[in-house]
Amino acid sequence: MKLSIGNDHAGPAYKKAIVQFLEDQGHEVTNYGTDDFASVDYPDFGHQVAADVELKKADFGILICGSGNGIAMTANKHQGVRCALCWTKEIASLSRQHNNANIISIPARFTSIEQAVEMVKTFLETAFEGGRHATRVDKISC
């Protein structure tokens, strides 16, 4: 699977652990995030990951910032992107099952690295249920 990941200064340690997990699973990962804790602008990385998903260069995206909100808002400006802010693996699962989310946004300041890796694992292993949810998802884009 091809994945894109991006993060701001709140997420370098999270990204490192997630990328290691994904590569151990045999996934191809494109890294747009910073490896530094110096302040950067999350939209710069959110747009890059969202563009990869929008243009089908990546199957899924992973975004990390302090609250997860700003970077998710950025990603959701792209057509066909459904970025879900998740803070538990149950929400990550539901975002895939019911919303066909194609990018997960992780709030680094409110989850542990272990939780983040587990959410990514759940997100990627969970299929979209379709059915009544497909009708709703089809109404999301403007």
# chains A, B, ... in the order shown; residues from 1 in each chain; ligands from 1
call {"tool": "closest_atom_pairs", "arguments": {"of": "segment 89-133 of chain A", "to": "segment 42-54 of chain A", "cutoff": "12 Å", "atoms": "only C-alpha atoms", "output": "tab-separated table"}}
result
residue	atom	partner	partner_atom	distance
A:Ala101	CA	A:Val53	CA	10.9
A:Asn102	CA	A:Val53	CA	7.4
A:Ile103	CA	A:Ala50	CA	7.7
A:Ile104	CA	A:Ala50	CA	10.6
A:Ser105	CA	A:Gly46	CA	9.6
A:Ile106	CA	A:Gly46	CA	12.0
call {"tool": "select_by_dssp", "arguments": {"residues": "segment 24-71 of chain A", "states": "strand (DSSP E or B)", "output": "list in words"}}
result
Glu28, Val29, Thr30, Asn31, Phe60, Gly61, Ile62, Leu63, Ile64 and Cys65 of chain A
call {"tool": "residues_around", "arguments": {"residues": "Glu125 of chain A", "least_positions_apart": "6", "cutoff": "12 Å", "atoms": "only C-alpha atoms", "output": "PyMOL selection string"}}
result
chain A and resi 1+25+60+89+92-97+118-119
call {"tool": "residues_around", "arguments": {"residues": "Asn31 of chain A", "least_positions_apart": "2", "cutoff": "7 Å", "atoms": "only C-alpha atoms", "output": "number ranges by chain"}}
result
A: 4-6, 29, 33
call {"tool": "write_last_selection", "arguments": {"atoms": "all heavy atoms", "output": "PDB file, in the first residue's frame"}}
result
ATOM      1  N   SER A   4       1.018   8.389   2.450  1.00  0.00           N
ATOM      2  CA  SER A   4       1.708   9.659   2.631  1.00  0.00           C
ATOM      3  C   SER A   4       1.513  10.101   4.068  1.00  0.00           C
ATOM      4  O   SER A   4       0.421   9.950   4.625  1.00  0.00           O
ATOM      5  CB  SER A   4       1.164  10.733   1.695  1.00  0.00           C
ATOM      6  OG  SER A   4       1.567  10.493   0.378  1.00  0.00           O
ATOM      7  N   ILE A   5       2.569  10.645   4.652  1.00  0.00           N
ATOM      8  CA  ILE A   5       2.503  11.101   6.038  1.00  0.00           C
ATOM      9  C   ILE A   5       3.072  12.506   6.130  1.00  0.00           C
ATOM     10  O   ILE A   5       4.022  12.851   5.427  1.00  0.00           O
ATOM     11  CB  ILE A   5       3.231  10.126   6.993  1.00  0.00           C
ATOM     12  CG1 ILE A   5       2.949  10.447   8.452  1.00  0.00           C
ATOM     13  CG2 ILE A   5       4.721  10.061   6.683  1.00  0.00           C
ATOM     14  CD1 ILE A   5       3.364   9.339   9.421  1.00  0.00           C
ATOM     15  N   GLY A   6       2.456  13.305   6.973  1.00  0.00           N
ATOM     16  CA  GLY A   6       2.927  14.663   7.204  1.00  0.00           C
ATOM     17  C   GLY A   6       2.677  15.068   8.639  1.00  0.00           C
ATOM     18  O   GLY A   6       1.725  14.603   9.263  1.00  0.00           O
ATOM     19  N   VAL A  29       6.047   4.458   2.083  1.00  0.00           N
ATOM     20  CA  VAL A  29       5.660   5.678   2.777  1.00  0.00           C
ATOM     21  C   VAL A  29       6.391   6.887   2.193  1.00  0.00           C
ATOM     22  O   VAL A  29       7.612   6.889   2.097  1.00  0.00           O
ATOM     23  CB  VAL A  29       5.961   5.589   4.286  1.00  0.00           C
ATOM     24  CG1 VAL A  29       5.501   6.853   5.006  1.00  0.00           C
ATOM     25  CG2 VAL A  29       5.313   4.354   4.903  1.00  0.00           C
ATOM     26  N   GLY A  33       6.655  15.291   6.375  1.00  0.00           N
ATOM     27  CA  GLY A  33       6.706  15.991   7.649  1.00  0.00           C
ATOM     28  C   GLY A  33       8.081  16.454   8.054  1.00  0.00           C
ATOM     29  O   GLY A  33       9.096  16.050   7.487  1.00  0.00           O
TER      30      GLY A  33
END
call {"tool": "residues_around", "arguments": {"residues": "Asp24 of chain A", "least_positions_apart": "6", "cutoff": "12 Å", "atoms": "only C-alpha atoms", "output": "VMD selection string"}}
result
chain A and resid 17 to 18 121
call {"tool": "write_last_selection", "arguments": {"atoms": "C-alpha atoms", "output": "PDB file, in the first residue's frame"}}
result
ATOM      1  CA  ALA A  17       7.186   5.363  15.197  1.00  0.00           C
ATOM      2  CA  ILE A  18       4.356   5.229  12.647  1.00  0.00           C
ATOM      3  CA  LYS A 121      -3.145   0.042  12.239  1.00  0.00           C
TER       4      LYS A 121
END
call {"tool": "closest_residue", "arguments": {"among": "A:Ala108, A:Leu63, A:Ala10, A:Val137", "to": "Ala75 of chain A", "atoms": "only C-alpha atoms"}}
result
A:Leu63
